[in-house]
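These notes concern the structure reproduced below.
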Amino acid sequence: MDRIGFIGMGNMGSAMLKGALNIFSAGDMIFYDINDEKCDEITKETHVLSAGSITECVKDCKYIVLAIKPQAYKEATSKIKEVLTSSHVVISLAPTITIKQLSEMLDINARIVRAMPNTPALIGEGMTGLCARDNTFTEEELEMVEKFFSSFGKCKFVSETVMSAVVCASGSSPAYVYMFIEALADSCVKYGMSRADAYEFAAQAVYGSAKMVLESGENPAALKDKVCSPGGTTIRAVEALEENGFRNAIFKATKACYEKCEENN
């Protein structure tokens, strides 16, 4: 099997590497990070070896995962383009860098897959949006990319034109969900629940509700209506949410996120 190389071992890089071990062997992967101590920790935990340099990592692999911050792309690409070939598949995780922009950084006609994973990949429940120019890849290569991202959650190929919307829908949104759980728990602590119980009840409600959307196939609005009995507690609470701009706040957050993604496009 062609090896997978990770450039960067931050939270996302390490989560993806560990998730990939559900399907791939330690020998199928290699990684590089500038922090030697972190490299030692990752190797000790996963048995995946680290490369001595960024160029060594690229030379030893076919699939190159750029798991670094967007601001580090310029420096990293200036190094890897020296050893990058037409047989490599470069997987970019930067939410604000397009395939065209990355191609220009690499200064070659690189074969690039743009991906937007999210932090639930840490527990094998990630959601990743993928896009690629299909005519530059073999069917086997695209299947390999899907297999890799499916090792720590779900993935789906979309048009690059909606990748900024993918960032809004799943890349950044876990932060809003955590805020919702925290606020709901805080409001229940006010009425006597222990904090531990409040977090557990609120988090399980979010988890179960999300699972119902995914598994039932029903529209979220229809599922919401089933909870809202006429004249009951839930419809009273929904009214209060609407009065206080709950839905509008989500639209505003998505707009801010989207505009940030599109700043450099």
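Please note that chains go A, B, ... in the order of the structure tokens, that every chain numbers its residues from 1, and that ligands are numbered from 1 in the order shown.
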Wanna dump the region 171-199 of chain A-region 117-139 of chain A contacts at 10 Å for me, each residue with its shortest atom pair and the distance in Å to one decimal, counting only C-alpha atoms, ordered by chain and number, as JSON lines?
```
{"residue": "A:Gly171", "atom": "CA", "partner": "A:Asn118", "partner_atom": "CA", "distance": 4.9}
{"residue": "A:Ser172", "atom": "CA", "partner": "A:Asn118", "partner_atom": "CA", "distance": 7.4}
{"residue": "A:Ser173", "atom": "CA", "partner": "A:Asn118", "partner_atom": "CA", "distance": 8.8}
{"residue": "A:Pro174", "atom": "CA", "partner": "A:Thr119", "partner_atom": "CA", "distance": 7.6}
{"residue": "A:Ala175", "atom": "CA", "partner": "A:Thr119", "partner_atom": "CA", "distance": 9.5}
```
Keeping only all heavy atoms, write those residues as a compact mmCIF listing (two decimals), in the first residue's frame.
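Here's the written file out.txt:
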```
# COMPACT_ATOMS: atom_id res chain seq x y z
N GLY A 171 -17.26 22.27 10.16
CA GLY A 171 -15.90 22.58 10.61
C GLY A 171 -15.86 23.42 11.87
O GLY A 171 -15.19 23.08 12.85
N SER A 172 -16.61 24.52 11.89
CA SER A 172 -16.62 25.43 13.03
C SER A 172 -17.77 25.17 14.00
O SER A 172 -17.68 25.51 15.18
CB SER A 172 -16.73 26.88 12.53
OG SER A 172 -15.60 27.24 11.77
N SER A 173 -18.84 24.55 13.52
CA SER A 173 -20.06 24.43 14.32
C SER A 173 -19.94 23.64 15.63
O SER A 173 -20.73 23.88 16.55
CB SER A 173 -21.20 23.86 13.49
OG SER A 173 -20.88 22.55 13.04
N PRO A 174 -18.99 22.68 15.77
CA PRO A 174 -18.88 22.05 17.09
C PRO A 174 -18.71 23.05 18.23
O PRO A 174 -19.21 22.83 19.33
CB PRO A 174 -17.65 21.15 16.93
CG PRO A 174 -17.70 20.74 15.50
CD PRO A 174 -18.13 22.00 14.78
N ALA A 175 -18.04 24.17 17.95
CA ALA A 175 -17.87 25.19 19.00
C ALA A 175 -19.23 25.74 19.44
O ALA A 175 -19.46 25.97 20.63
CB ALA A 175 -16.98 26.33 18.49
```
Could you give me, as an MDAnalysis selection string, each residue of region 44-227 of chain A that DSSP assigns to helix (DSSP H, G or I) when run on this structure's backbone? chainID A and resid 44:46 54:59 70:80 99:106 119:123 134:136 139:150 160:171 173:189 195:216 220:227
Using only C-alpha atoms, I'd like a table of the residues in region 108-161 of chain A that come within 12 Å of region 77-82 of chain A; for each, show the closest atom pair and its distance in Å rounded to one decimal, ordered by chain and ascending number, as CSV.
```
residue,atom,partner,partner_atom,distance
A:Ile108,CA,A:Lys81,CA,7.7
A:Asn109,CA,A:Lys81,CA,10.6
A:Ala110,CA,A:Lys81,CA,9.2
```
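The residue set within 12 Å of Glu182 (chain A), counting only C-alpha atoms and dropping same-chain residues fewer than 5 places from it, reads A:Ala175, A:Tyr176, A:Val177, A:Ser187, A:Cys188, A:Val189, A:Arg195, A:Ala196, A:Ala198, A:Tyr199, A:Glu200, A:Phe201, A:Ala202, A:Ala203, A:Val206.
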I need the residues from that last selection saved to file as a short mmCIF file (atom, residue, chain, number, x, y, z; two decimals), in the first residue's frame (with all heavy atoms), if you can.
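Contents of again-v8.cif, freshly written:
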```
data_model
loop_
_atom_site.label_atom_id
_atom_site.label_comp_id
_atom_site.auth_asym_id
_atom_site.auth_seq_id
_atom_site.Cartn_x
_atom_site.Cartn_y
_atom_site.Cartn_z
N ALA A 175 -18.04 24.17 17.95
CA ALA A 175 -17.87 25.19 19.00
C ALA A 175 -19.23 25.74 19.44
O ALA A 175 -19.46 25.97 20.63
CB ALA A 175 -16.98 26.33 18.49
N TYR A 176 -20.15 25.95 18.48
CA TYR A 176 -21.47 26.47 18.83
C TYR A 176 -22.25 25.43 19.63
O TYR A 176 -23.00 25.78 20.57
CB TYR A 176 -22.32 26.84 17.60
CG TYR A 176 -21.61 27.41 16.40
CD1 TYR A 176 -22.16 27.25 15.13
CD2 TYR A 176 -20.40 28.09 16.51
CE1 TYR A 176 -21.53 27.75 14.01
CE2 TYR A 176 -19.77 28.60 15.39
CZ TYR A 176 -20.33 28.42 14.14
OH TYR A 176 -19.71 28.91 13.03
N VAL A 177 -22.09 24.17 19.26
CA VAL A 177 -22.79 23.09 19.98
C VAL A 177 -22.31 23.02 21.42
O VAL A 177 -23.11 22.86 22.35
CB VAL A 177 -22.60 21.74 19.26
CG1 VAL A 177 -23.26 20.61 20.06
CG2 VAL A 177 -23.17 21.79 17.85
N SER A 187 -28.14 26.86 32.79
CA SER A 187 -29.51 27.28 33.11
C SER A 187 -30.22 26.24 33.97
O SER A 187 -31.10 26.57 34.77
CB SER A 187 -30.29 27.54 31.82
OG SER A 187 -30.48 26.35 31.09
N CYS A 188 -29.83 24.96 33.84
CA CYS A 188 -30.44 23.91 34.65
C CYS A 188 -29.83 23.84 36.04
O CYS A 188 -30.51 23.49 37.01
CB CYS A 188 -30.32 22.56 33.94
SG CYS A 188 -31.29 22.48 32.42
N VAL A 189 -28.54 24.17 36.13
CA VAL A 189 -27.90 24.27 37.45
C VAL A 189 -28.62 25.32 38.29
O VAL A 189 -28.79 25.18 39.51
CB VAL A 189 -26.40 24.60 37.30
CG1 VAL A 189 -25.78 25.00 38.65
CG2 VAL A 189 -25.64 23.40 36.72
N ARG A 195 -23.95 20.14 38.43
CA ARG A 195 -23.33 20.48 37.16
C ARG A 195 -23.02 19.23 36.34
O ARG A 195 -23.23 19.20 35.13
CB ARG A 195 -22.05 21.30 37.40
CG ARG A 195 -21.41 21.79 36.12
CD ARG A 195 -20.45 22.93 36.36
NE ARG A 195 -21.14 24.10 36.86
CZ ARG A 195 -21.81 24.96 36.08
NH1 ARG A 195 -21.90 24.74 34.78
NH2 ARG A 195 -22.39 26.02 36.60
N ALA A 196 -22.54 18.18 37.01
CA ALA A 196 -22.21 16.94 36.29
C ALA A 196 -23.46 16.36 35.63
O ALA A 196 -23.42 15.95 34.46
CB ALA A 196 -21.59 15.93 37.25
N ALA A 198 -26.20 18.00 34.83
CA ALA A 198 -26.68 18.93 33.80
C ALA A 198 -25.92 18.74 32.50
O ALA A 198 -26.52 18.72 31.41
CB ALA A 198 -26.56 20.37 34.29
N TYR A 199 -24.61 18.60 32.58
CA TYR A 199 -23.82 18.37 31.37
C TYR A 199 -24.19 17.05 30.72
O TYR A 199 -24.30 16.95 29.49
CB TYR A 199 -22.32 18.37 31.70
CG TYR A 199 -21.70 19.75 31.86
CD1 TYR A 199 -20.76 20.00 32.85
CD2 TYR A 199 -22.04 20.79 30.99
CE1 TYR A 199 -20.20 21.26 33.00
CE2 TYR A 199 -21.48 22.05 31.13
CZ TYR A 199 -20.55 22.27 32.13
OH TYR A 199 -19.99 23.52 32.27
N GLU A 200 -24.38 16.01 31.53
CA GLU A 200 -24.70 14.69 30.97
C GLU A 200 -26.06 14.70 30.29
O GLU A 200 -26.21 14.19 29.17
CB GLU A 200 -24.67 13.63 32.07
CG GLU A 200 -24.94 12.23 31.54
CD GLU A 200 -24.87 11.14 32.61
OE1 GLU A 200 -24.62 11.48 33.80
OE2 GLU A 200 -25.07 9.96 32.27
N PHE A 201 -27.07 15.26 30.95
CA PHE A 201 -28.41 15.31 30.36
C PHE A 201 -28.41 16.14 29.07
O PHE A 201 -29.00 15.73 28.06
CB PHE A 201 -29.41 15.89 31.36
CG PHE A 201 -29.98 14.89 32.33
CD1 PHE A 201 -29.27 14.51 33.46
CD2 PHE A 201 -31.22 14.31 32.11
CE1 PHE A 201 -29.78 13.58 34.36
CE2 PHE A 201 -31.75 13.39 33.00
CZ PHE A 201 -31.02 13.02 34.12
N ALA A 202 -27.78 17.30 29.11
CA ALA A 202 -27.77 18.19 27.94
C ALA A 202 -27.00 17.57 26.79
O ALA A 202 -27.46 17.58 25.63
CB ALA A 202 -27.17 19.54 28.33
N ALA A 203 -25.82 17.00 27.06
CA ALA A 203 -25.00 16.42 26.00
C ALA A 203 -25.68 15.21 25.38
O ALA A 203 -25.66 15.02 24.15
CB ALA A 203 -23.62 16.04 26.55
N VAL A 206 -28.39 16.33 23.00
CA VAL A 206 -27.84 16.77 21.71
C VAL A 206 -27.44 15.55 20.87
O VAL A 206 -27.75 15.47 19.67
CB VAL A 206 -26.63 17.69 21.93
CG1 VAL A 206 -25.90 17.95 20.62
CG2 VAL A 206 -27.09 19.02 22.53
#
```
